[in-house]
Amino acid sequence: MNDQAAHSGRLVGSASTGLRGIIQVPGDKSMSHRALLFGAMAEGETKITGLLEGEDVLRMATAVEALGAKVRRTGDGSWRVEGGPWHSADAPLDCGNSGTAARLLMGAVAGMAIEARFTGDRSLSSRPMRRVLAPLEAMGARLVDGDSDRLPLTVKGGSLNGISYRNEAASAQIKSAILLAGLHAQGEVEVIEPRPSRDHSENMLRSFGCDVESMDRHGERFIRLGERRHLKASDVEIAGDPSSAAFPLVAALITPNSEVTVRNVLLNPLRTGLFATLEEMGADIVVANRRVRDGEWVGDVTARTSRLKSVEVPAQRAPSMIDEYPILGIAAAFAHGRSIMHGLAELRVKESDRLAAIVAGLTACGVAARSEEDSLVVEGQGTAPAGGCDVTTHGDHRLAMSFLVMGQASGAPVTVDEAEMIATSFPGFADLMHSLGARIEAGA
Ligand SMILES: O=C(O)C1=C[C@@H](OP(=O)(O)O)[C@@H](O)[C@H](O)C1
Ligand SMILES: C=C(OP(=O)(O)O)C(=O)O
């Protein structure tokens with residue numbers, strides 16, 4: 001099967017005899033969004049290598065073009081972005097499935113004397129936007145559609161004041177929207193994080209020439225914009241997405257006779273909670289060739305078939321692995337004993353209610369799992385689960401990939417629906433998994 005078949009809707013993952021190989025995964029999604037957006041806001045031409053060419057990121061590229069930037073892909077696969085000047089978009093900005101595109105763009109638009117209407121697909125139109133709109137309105141932006149919490153909605157920006165905002169949700173999207181709006185605000189702009197979220201915006205704003213201060217005080221993180229808030233074009237090199245690397249690596253851990261290396265994975269410490277958790281579960285997972293590239297840690301990660309034991313994951317760790325709970329749920333199903341993961345309220349407002357969907361999918365595959373308030377409990381049997389089920393993904397790419405991985409080592413095949421959504425974050429997933437020996441086929 002080629003990746004074309006991955007667009008057909010249903011895919012089936014079946015037991016493989018072993019996964020082996022050395023691969024690279026597509027570029028990090030968070031960095032890709034930011035590289036395009038910051039490039040579009042900067043003076044001069046930004047060169048991006050390793051950009052994730054997934055649907056979410058391509059939505060961002062189209063949106064910044066509609067707002068005034070020039071974006072092109074060159075023959076060698078790198079991208080060029082020429083910054084502004086920004087103007088109101090003639091047509092709505094369709095953010096597709098991407099929460100990051102919608103929320104970061106809202107922040108950027110809020111800071112300028114322009115207006116933009118935001119739309120999205122069925123999933124994105126059901127996700128909360130007030131979390132970003134509330135601080136942006138407090139800074140002086142206007143929401144043309146009253147106090148709406150959902151797309152479609154129209155943001156009118158211009159003449160903002162500063163803000164000091166407590167980011168209780170530990171959301172990097174909220175923080176980034178505030179910082180981006182703050183680039184054009186008068187006065188202090190500060191975000192306080194009781195639990196730090198991914199810091200790619202801070203790191204990349206610095207490489208685009210902005211003053212951004214990050215400080216840890218009394219167990220909280222303070223992020224503050226300094227005086228210099230003007231963006232200058234910068235070259236950005238993007239390493240492999242750890243949230244994508246998670247799928248082949250966990251597949252190797254649970255499938256007999258496997259050894260998989262993913263080269264050049266982004267290892268920013270605010271993104272590596274899954275790897276720490278897998279180590280606690282006894283996984284044979286090793287990082288080699290650890291190095292700093294463009295201000296971010298990068299390395300090669302190898303995973304080998306392992307006997308996993310159960311784990312308890314504290315709420316404090318959740319932001320550093322927020323997109324990895326679906327695949328951790330699969331690892332926990334193969335582990336010996338009861339795993340508990342705390343502090344997962346945010347999973348309910350992702351592309352689907354991931355907490356409910358993980359429980360439903362695992363249960364269908366013969367694994368006892370439940371949610372208890374904001375925690376996930378998985379009763380691992382220490383052996384391969386039955387499988388032999390149809391999993392409803394609710395159009396959620398991470399659920400589709402997770403359950404296809406589960407099929408690689410389950411008693412009977414696992415079928416997922418709406419597999420075309422995988423292309424939002426991991427184009428080429430099925431082909432890459434095939435190159436390792438995975439069995440993923442078009443389903444009836
Ligand atoms: O800022 C980002 O690039 C992201 C932040 C996270 O969302 P929240 O900010 O809602 O936690 C994450 O789930 C998403 O995939 C990407
Ligand atoms: C939550 C995710 O992305 P976003 O919020 O950008 O839609 C994700 O990729 O798992």
# chains A, B, ... in the order shown; residues from 1 in each chain; ligands from 1
>>> closest_atom_pairs(of="chain A", to="ligand 1", cutoff="10 Å", atoms="only C-alpha atoms and all ligand atoms", output="JSON lines")
{"residue": "A:Asp28", "atom": "CA", "partner": "ligand 1", "partner_atom_place_in_ligand_line": "3 (O)", "distance": 9.0}
{"residue": "A:Lys29", "atom": "CA", "partner": "ligand 1", "partner_atom_place_in_ligand_line": "3 (O)", "distance": 6.6}
{"residue": "A:Ser30", "atom": "CA", "partner": "ligand 1", "partner_atom_place_in_ligand_line": "3 (O)", "distance": 3.6}
{"residue": "A:Met31", "atom": "CA", "partner": "ligand 1", "partner_atom_place_in_ligand_line": "3 (O)", "distance": 7.0}
{"residue": "A:Ser32", "atom": "CA", "partner": "ligand 1", "partner_atom_place_in_ligand_line": "3 (O)", "distance": 8.7}
{"residue": "A:His33", "atom": "CA", "partner": "ligand 1", "partner_atom_place_in_ligand_line": "3 (O)", "distance": 7.2}
{"residue": "A:Arg34", "atom": "CA", "partner": "ligand 1", "partner_atom_place_in_ligand_line": "3 (O)", "distance": 7.8}
{"residue": "A:Ser98", "atom": "CA", "partner": "ligand 1", "partner_atom_place_in_ligand_line": "15 (O)", "distance": 8.4}
{"residue": "A:Gly99", "atom": "CA", "partner": "ligand 1", "partner_atom_place_in_ligand_line": "14 (C)", "distance": 7.1}
{"residue": "A:Thr100", "atom": "CA", "partner": "ligand 1", "partner_atom_place_in_ligand_line": "3 (O)", "distance": 5.5}
{"residue": "A:Ala101", "atom": "CA", "partner": "ligand 1", "partner_atom_place_in_ligand_line": "3 (O)", "distance": 8.5}
{"residue": "A:Arg103", "atom": "CA", "partner": "ligand 1", "partner_atom_place_in_ligand_line": "9 (O)", "distance": 8.7}
{"residue": "A:Leu104", "atom": "CA", "partner": "ligand 1", "partner_atom_place_in_ligand_line": "1 (O)", "distance": 8.0}
{"residue": "A:Arg127", "atom": "CA", "partner": "ligand 1", "partner_atom_place_in_ligand_line": "10 (O)", "distance": 9.9}
{"residue": "A:Pro128", "atom": "CA", "partner": "ligand 1", "partner_atom_place_in_ligand_line": "10 (O)", "distance": 9.6}
{"residue": "A:Arg131", "atom": "CA", "partner": "ligand 1", "partner_atom_place_in_ligand_line": "10 (O)", "distance": 9.5}
{"residue": "A:Val132", "atom": "CA", "partner": "ligand 1", "partner_atom_place_in_ligand_line": "9 (O)", "distance": 9.9}
{"residue": "A:Asn167", "atom": "CA", "partner": "ligand 1", "partner_atom_place_in_ligand_line": "9 (O)", "distance": 10.0}
{"residue": "A:Ala169", "atom": "CA", "partner": "ligand 1", "partner_atom_place_in_ligand_line": "11 (O)", "distance": 7.3}
{"residue": "A:Ala170", "atom": "CA", "partner": "ligand 1", "partner_atom_place_in_ligand_line": "11 (O)", "distance": 6.2}
{"residue": "A:Ser171", "atom": "CA", "partner": "ligand 1", "partner_atom_place_in_ligand_line": "9 (O)", "distance": 3.4}
{"residue": "A:Ala172", "atom": "CA", "partner": "ligand 1", "partner_atom_place_in_ligand_line": "9 (O)", "distance": 3.8}
{"residue": "A:Gln173", "atom": "CA", "partner": "ligand 1", "partner_atom_place_in_ligand_line": "9 (O)", "distance": 3.7}
{"residue": "A:Ile174", "atom": "CA", "partner": "ligand 1", "partner_atom_place_in_ligand_line": "9 (O)", "distance": 6.0}
{"residue": "A:Lys175", "atom": "CA", "partner": "ligand 1", "partner_atom_place_in_ligand_line": "9 (O)", "distance": 7.7}
{"residue": "A:Ser176", "atom": "CA", "partner": "ligand 1", "partner_atom_place_in_ligand_line": "1 (O)", "distance": 7.0}
{"residue": "A:Ala177", "atom": "CA", "partner": "ligand 1", "partner_atom_place_in_ligand_line": "1 (O)", "distance": 9.2}
{"residue": "A:Ser197", "atom": "CA", "partner": "ligand 1", "partner_atom_place_in_ligand_line": "11 (O)", "distance": 7.2}
{"residue": "A:Arg198", "atom": "CA", "partner": "ligand 1", "partner_atom_place_in_ligand_line": "1 (O)", "distance": 6.8}
{"residue": "A:Asp199", "atom": "CA", "partner": "ligand 1", "partner_atom_place_in_ligand_line": "1 (O)", "distance": 8.4}
{"residue": "A:His200", "atom": "CA", "partner": "ligand 1", "partner_atom_place_in_ligand_line": "1 (O)", "distance": 7.8}
{"residue": "A:Ser201", "atom": "CA", "partner": "ligand 1", "partner_atom_place_in_ligand_line": "1 (O)", "distance": 8.0}
{"residue": "A:Ser243", "atom": "CA", "partner": "ligand 1", "partner_atom_place_in_ligand_line": "15 (O)", "distance": 8.5}
{"residue": "A:Arg271", "atom": "CA", "partner": "ligand 1", "partner_atom_place_in_ligand_line": "12 (C)", "distance": 9.9}
{"residue": "A:Ala318", "atom": "CA", "partner": "ligand 1", "partner_atom_place_in_ligand_line": "11 (O)", "distance": 9.4}
{"residue": "A:Pro319", "atom": "CA", "partner": "ligand 1", "partner_atom_place_in_ligand_line": "11 (O)", "distance": 6.7}
{"residue": "A:Ser320", "atom": "CA", "partner": "ligand 1", "partner_atom_place_in_ligand_line": "6 (C)", "distance": 9.2}
{"residue": "A:Met321", "atom": "CA", "partner": "ligand 1", "partner_atom_place_in_ligand_line": "13 (O)", "distance": 8.5}
{"residue": "A:Ile322", "atom": "CA", "partner": "ligand 1", "partner_atom_place_in_ligand_line": "13 (O)", "distance": 5.7}
{"residue": "A:Asp323", "atom": "CA", "partner": "ligand 1", "partner_atom_place_in_ligand_line": "13 (O)", "distance": 5.3}
{"residue": "A:Glu324", "atom": "CA", "partner": "ligand 1", "partner_atom_place_in_ligand_line": "13 (O)", "distance": 9.0}
{"residue": "A:Glu346", "atom": "CA", "partner": "ligand 1", "partner_atom_place_in_ligand_line": "11 (O)", "distance": 7.0}
{"residue": "A:Leu347", "atom": "CA", "partner": "ligand 1", "partner_atom_place_in_ligand_line": "13 (O)", "distance": 8.4}
{"residue": "A:Val349", "atom": "CA", "partner": "ligand 1", "partner_atom_place_in_ligand_line": "10 (O)", "distance": 7.9}
{"residue": "A:Lys350", "atom": "CA", "partner": "ligand 1", "partner_atom_place_in_ligand_line": "13 (O)", "distance": 7.0}
{"residue": "A:Glu351", "atom": "CA", "partner": "ligand 1", "partner_atom_place_in_ligand_line": "13 (O)", "distance": 9.2}
{"residue": "A:Arg398", "atom": "CA", "partner": "ligand 1", "partner_atom_place_in_ligand_line": "15 (O)", "distance": 10.0}
{"residue": "A:Ser425", "atom": "CA", "partner": "ligand 1", "partner_atom_place_in_ligand_line": "15 (O)", "distance": 9.1}
>>> write_last_selection(atoms="N, CA and C atoms", output="CSV table (one decimal), in the first residue's frame")
chain,number,residue,atom,x,y,z
A,28,ASP,N,9.1,19.4,13.4
A,28,ASP,CA,8.2,19.6,14.5
A,28,ASP,C,7.1,20.6,14.1
A,29,LYS,N,5.9,20.2,14.5
A,29,LYS,CA,4.7,21.0,14.1
A,29,LYS,C,4.7,22.4,14.8
A,30,SER,N,5.0,22.4,16.1
A,30,SER,CA,5.0,23.7,16.8
A,30,SER,C,6.0,24.7,16.3
A,31,MET,N,7.2,24.2,16.0
A,31,MET,CA,8.2,25.1,15.4
A,31,MET,C,7.9,25.5,14.0
A,32,SER,N,7.3,24.6,13.2
A,32,SER,CA,6.9,24.9,11.9
A,32,SER,C,5.9,26.1,11.8
A,33,HIS,N,4.9,26.0,12.6
A,33,HIS,CA,3.9,27.1,12.7
A,33,HIS,C,4.6,28.4,13.0
A,34,ARG,N,5.4,28.3,14.0
A,34,ARG,CA,6.0,29.6,14.5
A,34,ARG,C,7.0,30.1,13.5
A,98,SER,N,-6.5,23.0,12.8
A,98,SER,CA,-5.3,23.4,13.6
A,98,SER,C,-5.6,24.4,14.7
A,99,GLY,N,-5.6,24.0,15.9
A,99,GLY,CA,-5.8,24.9,17.0
A,99,GLY,C,-4.6,25.9,17.1
A,100,THR,N,-3.4,25.4,16.9
A,100,THR,CA,-2.2,26.2,16.9
A,100,THR,C,-2.3,27.4,15.9
A,101,ALA,N,-2.7,27.0,14.7
A,101,ALA,CA,-2.8,28.1,13.6
A,101,ALA,C,-3.8,29.1,14.1
A,103,ARG,N,-5.1,29.9,17.0
A,103,ARG,CA,-4.9,30.7,18.3
A,103,ARG,C,-3.7,31.6,18.1
A,104,LEU,N,-2.6,31.2,17.5
A,104,LEU,CA,-1.4,32.0,17.3
A,104,LEU,C,-1.8,33.2,16.3
A,127,ARG,N,-13.9,23.7,19.4
A,127,ARG,CA,-12.9,23.9,20.4
A,127,ARG,C,-12.9,25.3,21.0
A,128,PRO,N,-12.6,25.4,22.3
A,128,PRO,CA,-12.7,26.7,23.0
A,128,PRO,C,-11.7,27.8,22.5
A,131,ARG,N,-10.4,31.2,25.8
A,131,ARG,CA,-9.1,31.2,26.5
A,131,ARG,C,-8.1,32.1,25.9
A,132,VAL,N,-8.1,32.3,24.6
A,132,VAL,CA,-7.2,33.2,23.9
A,132,VAL,C,-7.9,34.6,23.8
A,167,ASN,N,-1.3,31.8,33.2
A,167,ASN,CA,-1.6,30.7,32.3
A,167,ASN,C,-1.9,29.4,33.0
A,169,ALA,N,-4.0,27.0,32.4
A,169,ALA,CA,-4.2,25.8,31.6
A,169,ALA,C,-2.8,25.3,31.1
A,170,ALA,N,-1.7,25.9,31.4
A,170,ALA,CA,-0.4,25.5,30.9
A,170,ALA,C,-0.4,25.3,29.4
A,171,SER,N,-1.1,26.3,28.7
A,171,SER,CA,-1.2,26.2,27.2
A,171,SER,C,-0.2,27.1,26.5
A,172,ALA,N,0.6,26.5,25.7
A,172,ALA,CA,1.6,27.3,24.9
A,172,ALA,C,0.9,28.1,23.9
A,173,GLN,N,-0.3,27.7,23.5
A,173,GLN,CA,-1.0,28.5,22.5
A,173,GLN,C,-1.5,29.8,23.1
A,174,ILE,N,-2.0,29.7,24.3
A,174,ILE,CA,-2.5,31.0,25.0
A,174,ILE,C,-1.3,31.9,25.2
A,175,LYS,N,-0.2,31.3,25.8
A,175,LYS,CA,1.0,32.1,26.0
A,175,LYS,C,1.5,32.8,24.7
A,176,SER,N,1.6,32.0,23.7
A,176,SER,CA,2.1,32.5,22.4
A,176,SER,C,1.2,33.6,21.8
A,177,ALA,N,-0.1,33.5,21.9
A,177,ALA,CA,-1.0,34.5,21.4
A,177,ALA,C,-0.8,35.8,22.2
A,197,SER,N,4.7,25.6,30.0
A,197,SER,CA,4.4,25.0,28.7
A,197,SER,C,5.5,25.1,27.7
A,198,ARG,N,5.5,24.5,26.6
A,198,ARG,CA,6.6,24.5,25.6
A,198,ARG,C,7.0,25.9,25.3
A,199,ASP,N,8.3,26.1,25.2
A,199,ASP,CA,8.8,27.5,25.1
A,199,ASP,C,9.4,27.8,23.7
A,200,HIS,N,8.8,27.2,22.7
A,200,HIS,CA,9.4,27.5,21.3
A,200,HIS,C,9.2,28.9,20.9
A,201,SER,N,8.0,29.5,21.4
A,201,SER,CA,7.8,30.9,21.0
A,201,SER,C,8.9,31.8,21.6
A,243,SER,N,6.6,14.5,19.0
A,243,SER,CA,5.2,13.9,19.1
A,243,SER,C,4.9,12.9,18.0
A,271,ARG,N,9.3,19.1,26.0
A,271,ARG,CA,8.6,18.2,25.1
A,271,ARG,C,8.9,16.7,25.3
A,318,ALA,N,2.3,16.8,32.7
A,318,ALA,CA,1.4,16.7,31.6
A,318,ALA,C,1.7,17.7,30.5
A,319,PRO,N,2.1,19.0,30.8
A,319,PRO,CA,2.3,19.9,29.6
A,319,PRO,C,3.5,19.5,28.7
A,320,SER,N,4.4,18.7,29.3
A,320,SER,CA,5.6,18.3,28.5
A,320,SER,C,5.3,17.1,27.6
A,321,MET,N,4.1,16.6,27.7
A,321,MET,CA,3.8,15.4,26.9
A,321,MET,C,2.3,15.4,26.5
A,322,ILE,N,1.7,16.6,26.4
A,322,ILE,CA,0.2,16.7,26.3
A,322,ILE,C,-0.3,16.0,25.1
A,323,ASP,N,0.4,16.0,24.0
A,323,ASP,CA,-0.1,15.3,22.8
A,323,ASP,C,0.2,13.8,22.8
A,324,GLU,N,0.9,13.3,23.8
A,324,GLU,CA,1.4,11.9,23.8
A,324,GLU,C,0.6,11.0,24.6
A,346,GLU,N,-7.0,19.1,30.0
A,346,GLU,CA,-6.8,19.7,28.7
A,346,GLU,C,-7.1,18.7,27.5
A,347,LEU,N,-7.0,17.4,27.8
A,347,LEU,CA,-7.2,16.4,26.8
A,347,LEU,C,-8.6,16.4,26.3
A,349,VAL,N,-10.3,19.0,25.4
A,349,VAL,CA,-10.5,20.1,24.4
A,349,VAL,C,-9.5,20.1,23.3
A,350,LYS,N,-9.0,18.9,23.0
A,350,LYS,CA,-8.1,18.7,21.8
A,350,LYS,C,-9.0,18.4,20.6
A,351,GLU,N,-8.4,17.9,19.5
A,351,GLU,CA,-9.2,17.6,18.3
A,351,GLU,C,-10.4,16.8,18.6
A,398,ARG,N,-4.1,11.8,16.2
A,398,ARG,CA,-3.3,11.1,17.1
A,398,ARG,C,-3.9,9.8,17.6
A,425,SER,N,-0.8,16.1,10.8
A,425,SER,CA,0.5,16.3,11.5
A,425,SER,C,1.6,15.4,11.0
>>> select_by_dssp(residues="stretch 243-365 of chain A", states="strand (DSSP E)", output="PyMOL selection string")
chain A and resi 259-266+284-293+296-304+312-313+336-341
>>> write_last_selection(atoms="N, CA and C atoms", output="short mmCIF file (atom, residue, chain, number, x, y, z; two decimals), in the first residue's frame")
data_model
loop_
_atom_site.label_atom_id
_atom_site.label_comp_id
_atom_site.auth_asym_id
_atom_site.auth_seq_id
_atom_site.Cartn_x
_atom_site.Cartn_y
_atom_site.Cartn_z
N GLU A 259 13.66 -3.08 16.74
CA GLU A 259 14.63 -2.06 17.11
C GLU A 259 14.49 -0.93 16.09
N VAL A 260 14.09 0.25 16.57
CA VAL A 260 13.86 1.39 15.67
C VAL A 260 14.65 2.59 16.19
N THR A 261 15.36 3.25 15.27
CA THR A 261 16.03 4.50 15.61
C THR A 261 15.37 5.64 14.85
N VAL A 262 15.02 6.70 15.56
CA VAL A 262 14.55 7.92 14.88
C VAL A 262 15.64 8.95 15.05
N ARG A 263 16.20 9.36 13.94
CA ARG A 263 17.30 10.33 13.94
C ARG A 263 16.79 11.75 14.01
N ASN A 264 17.59 12.63 14.63
CA ASN A 264 17.35 14.06 14.55
C ASN A 264 15.98 14.47 15.12
N VAL A 265 15.73 14.00 16.36
CA VAL A 265 14.46 14.32 17.02
C VAL A 265 14.66 15.54 17.92
N LEU A 266 13.72 16.47 17.88
CA LEU A 266 13.75 17.62 18.78
C LEU A 266 13.61 17.13 20.22
N ASP A 284 13.46 0.07 27.00
CA ASP A 284 14.84 0.15 26.48
C ASP A 284 14.84 1.27 25.43
N ILE A 285 15.06 2.49 25.91
CA ILE A 285 15.01 3.64 25.02
C ILE A 285 16.25 4.49 25.31
N VAL A 286 17.03 4.76 24.27
CA VAL A 286 18.34 5.38 24.46
C VAL A 286 18.47 6.58 23.53
N VAL A 287 19.00 7.67 24.07
CA VAL A 287 19.25 8.86 23.24
C VAL A 287 20.74 8.94 22.96
N ALA A 288 21.11 9.07 21.71
CA ALA A 288 22.53 9.22 21.33
C ALA A 288 22.71 10.53 20.57
N ASN A 289 23.98 10.94 20.47
CA ASN A 289 24.30 12.07 19.61
C ASN A 289 23.52 13.33 20.00
N ARG A 290 23.36 13.51 21.31
CA ARG A 290 22.62 14.70 21.80
C ARG A 290 23.42 15.96 21.48
N ARG A 291 22.79 16.93 20.87
CA ARG A 291 23.49 18.15 20.47
C ARG A 291 22.52 19.33 20.46
N VAL A 292 23.07 20.55 20.43
CA VAL A 292 22.22 21.74 20.33
C VAL A 292 22.26 22.25 18.90
N ARG A 293 21.06 22.45 18.32
CA ARG A 293 21.00 22.98 16.96
C ARG A 293 20.01 24.12 16.95
N GLU A 296 18.05 24.62 20.16
CA GLU A 296 17.18 23.56 20.67
C GLU A 296 17.97 22.24 20.76
N TRP A 297 17.69 21.43 21.80
CA TRP A 297 18.32 20.11 21.90
C TRP A 297 17.75 19.17 20.85
N VAL A 298 18.65 18.36 20.28
CA VAL A 298 18.27 17.40 19.24
C VAL A 298 19.05 16.12 19.52
N GLY A 299 18.53 14.96 19.14
CA GLY A 299 19.27 13.71 19.31
C GLY A 299 18.65 12.58 18.50
N ASP A 300 19.32 11.42 18.54
CA ASP A 300 18.82 10.22 17.85
C ASP A 300 18.27 9.28 18.93
N VAL A 301 17.06 8.82 18.75
CA VAL A 301 16.41 8.02 19.81
C VAL A 301 16.18 6.60 19.29
N THR A 302 16.65 5.62 20.07
CA THR A 302 16.49 4.21 19.69
C THR A 302 15.61 3.50 20.73
N ALA A 303 14.64 2.75 20.24
CA ALA A 303 13.78 1.95 21.12
C ALA A 303 13.82 0.50 20.68
N ARG A 304 13.91 -0.41 21.69
CA ARG A 304 13.92 -1.85 21.39
C ARG A 304 12.78 -2.52 22.16
N GLU A 312 2.93 5.77 37.22
CA GLU A 312 2.02 6.83 37.66
C GLU A 312 2.64 8.14 37.18
N VAL A 313 1.90 8.89 36.37
CA VAL A 313 2.45 10.11 35.77
C VAL A 313 1.84 11.32 36.48
N HIS A 336 2.71 -4.24 32.48
CA HIS A 336 2.19 -5.09 33.56
C HIS A 336 1.71 -4.22 34.70
N GLY A 337 0.42 -4.23 35.00
CA GLY A 337 -0.10 -3.50 36.16
C GLY A 337 -0.89 -2.25 35.79
N ARG A 338 -1.39 -1.59 36.85
CA ARG A 338 -2.28 -0.42 36.68
C ARG A 338 -1.48 0.87 36.51
N SER A 339 -1.66 1.54 35.38
CA SER A 339 -1.03 2.84 35.17
C SER A 339 -2.05 3.94 35.43
N ILE A 340 -1.59 5.03 36.04
CA ILE A 340 -2.47 6.18 36.31
C ILE A 340 -1.78 7.43 35.82
N MET A 341 -2.52 8.24 35.06
CA MET A 341 -1.98 9.51 34.53
C MET A 341 -2.87 10.63 35.03
#
>>> closest_residue(among="A:Ala384, A:Met421, A:Ala332, A:Ala360", to="ligand 2", atoms="only C-alpha atoms and all ligand atoms")
A:Met421
>>> closest_residue(among="A:Ile330, A:Met129, A:Ala315, A:Val12", to="ligand 2", atoms="only C-alpha atoms and all ligand atoms")
A:Met129
>>> residues_around(residues="stretch 225-237 of chain A", least_positions_apart="3", cutoff="7 Å", atoms="only C-alpha atoms", output="short mmCIF file (atom, residue, chain, number, x, y, z; two decimals) with C-alpha atoms, in the first residue's frame")
data_model
loop_
_atom_site.label_atom_id
_atom_site.label_comp_id
_atom_site.auth_asym_id
_atom_site.auth_seq_id
_atom_site.Cartn_x
_atom_site.Cartn_y
_atom_site.Cartn_z
CA ALA A 35 8.73 29.76 11.81
CA GLY A 39 8.82 35.03 9.37
CA MET A 41 5.79 39.27 10.90
CA ALA A 42 9.52 39.94 10.47
CA GLU A 43 11.45 42.44 8.40
CA GLY A 44 13.34 40.62 5.63
CA GLU A 45 13.37 37.07 4.28
CA THR A 46 13.33 34.04 6.55
CA LYS A 47 14.66 30.69 5.33
CA ILE A 48 13.13 27.57 6.89
CA THR A 49 14.57 24.08 6.53
CA GLY A 50 12.83 20.95 7.79
CA LEU A 183 4.86 42.68 20.28
CA VAL A 189 3.60 42.07 28.79
CA GLU A 190 4.03 39.16 31.17
CA SER A 207 16.40 34.33 17.44
CA PHE A 208 14.23 36.84 15.55
CA GLY A 209 15.86 39.58 17.63
CA CYS A 210 13.25 40.21 20.36
CA ASP A 211 13.95 40.64 24.06
CA VAL A 212 12.14 37.85 25.91
CA GLU A 213 13.03 37.15 29.50
CA ASP A 294 19.59 26.47 16.53
#
>>> atom_distance(atom1="atom CA of A:Leu249", atom2="atom CA of A:Gln24")
11.5 Å
>>> residues_around(residues="stretch 105-107 of chain A", least_positions_apart="6", cutoff="8 Å", atoms="only C-alpha atoms", output="NGL selection string")
:A and (37 or 132-133 or 136 or 155 or 176-181)
>>> closest_residue(among="A:Asn97, A:Ser126, A:Asn203, A:Ser244", to="A:Pro427", atoms="only C-alpha atoms")
A:Ser244
>>> residues_around(residues="A:Gly111", least_positions_apart="5", cutoff="6 Å", atoms="only C-alpha atoms", output="list in words")
Gly157, Gly158, Ala181 and His184 of chain A
>>> write_last_selection(atoms="N, CA and C atoms", output="mmCIF file, in the first residue's frame")
data_model
loop_
_atom_site.group_PDB
_atom_site.id
_atom_site.type_symbol
_atom_site.label_atom_id
_atom_site.label_comp_id
_atom_site.auth_asym_id
_atom_site.auth_seq_id
_atom_site.Cartn_x
_atom_site.Cartn_y
_atom_site.Cartn_z
ATOM 1 N N GLY A 157 -7.971 44.080 15.555
ATOM 2 C CA GLY A 157 -6.813 44.399 16.392
ATOM 3 C C GLY A 157 -6.496 45.877 16.449
ATOM 4 N N GLY A 158 -5.386 46.185 17.108
ATOM 5 C CA GLY A 158 -4.885 47.570 17.140
ATOM 6 C C GLY A 158 -4.821 48.157 18.522
ATOM 7 N N ALA A 181 0.619 39.230 20.375
ATOM 8 C CA ALA A 181 -0.137 40.491 20.456
ATOM 9 C C ALA A 181 0.731 41.537 21.144
ATOM 10 N N HIS A 184 3.158 44.352 19.740
ATOM 11 C CA HIS A 184 2.701 45.676 19.309
ATOM 12 C C HIS A 184 1.965 46.414 20.421
#
>>> residues_around(residues="A:Arg307", least_positions_apart="2", cutoff="8 Å", atoms="only C-alpha atoms", output="VMD selection string")
chain A and resid 253 to 254 282 to 283 305 309 335 382
>>> atom_distance(atom1="atom CA of A:Gly140", atom2="atom 3 (O, counted along the ligand's line) of ligand 2")
26.9 Å
>>> closest_residue(among="A:Gly13, A:Gly395, A:Gly84, A:Gly68", to="ligand 2", atoms="only C-alpha atoms and all ligand atoms")
A:Gly395
>>> atom_distance(atom1="atom CA of A:Arg20", atom2="atom CA of A:Gly407")
16.5 Å
>>> closest_residue(among="A:Arg317, A:Arg122, A:Arg80, A:Arg206", to="ligand 2", atoms="only C-alpha atoms and all ligand atoms")
A:Arg122
>>> select_by_dssp(residues="stretch 96-260 of chain A", states="alpha helix (DSSP H)", output="JSON, numbers by chain")
{"A": [99, 100, 101, 102, 103, 104, 105, 106, 107, 108, 109, 110, 130, 131, 132, 133, 134, 135, 136, 137, 138, 139, 172, 173, 174, 175, 176, 177, 178, 179, 180, 181, 182, 200, 201, 202, 203, 204, 205, 206, 207, 242, 243, 244, 245, 246, 247, 248, 249, 250, 251, 252, 253, 254]}
>>> closest_residue(among="A:Pro92, A:Arg10, A:Asn268, A:Ser258", to="A:Ala239", atoms="only C-alpha atoms")
A:Asn268
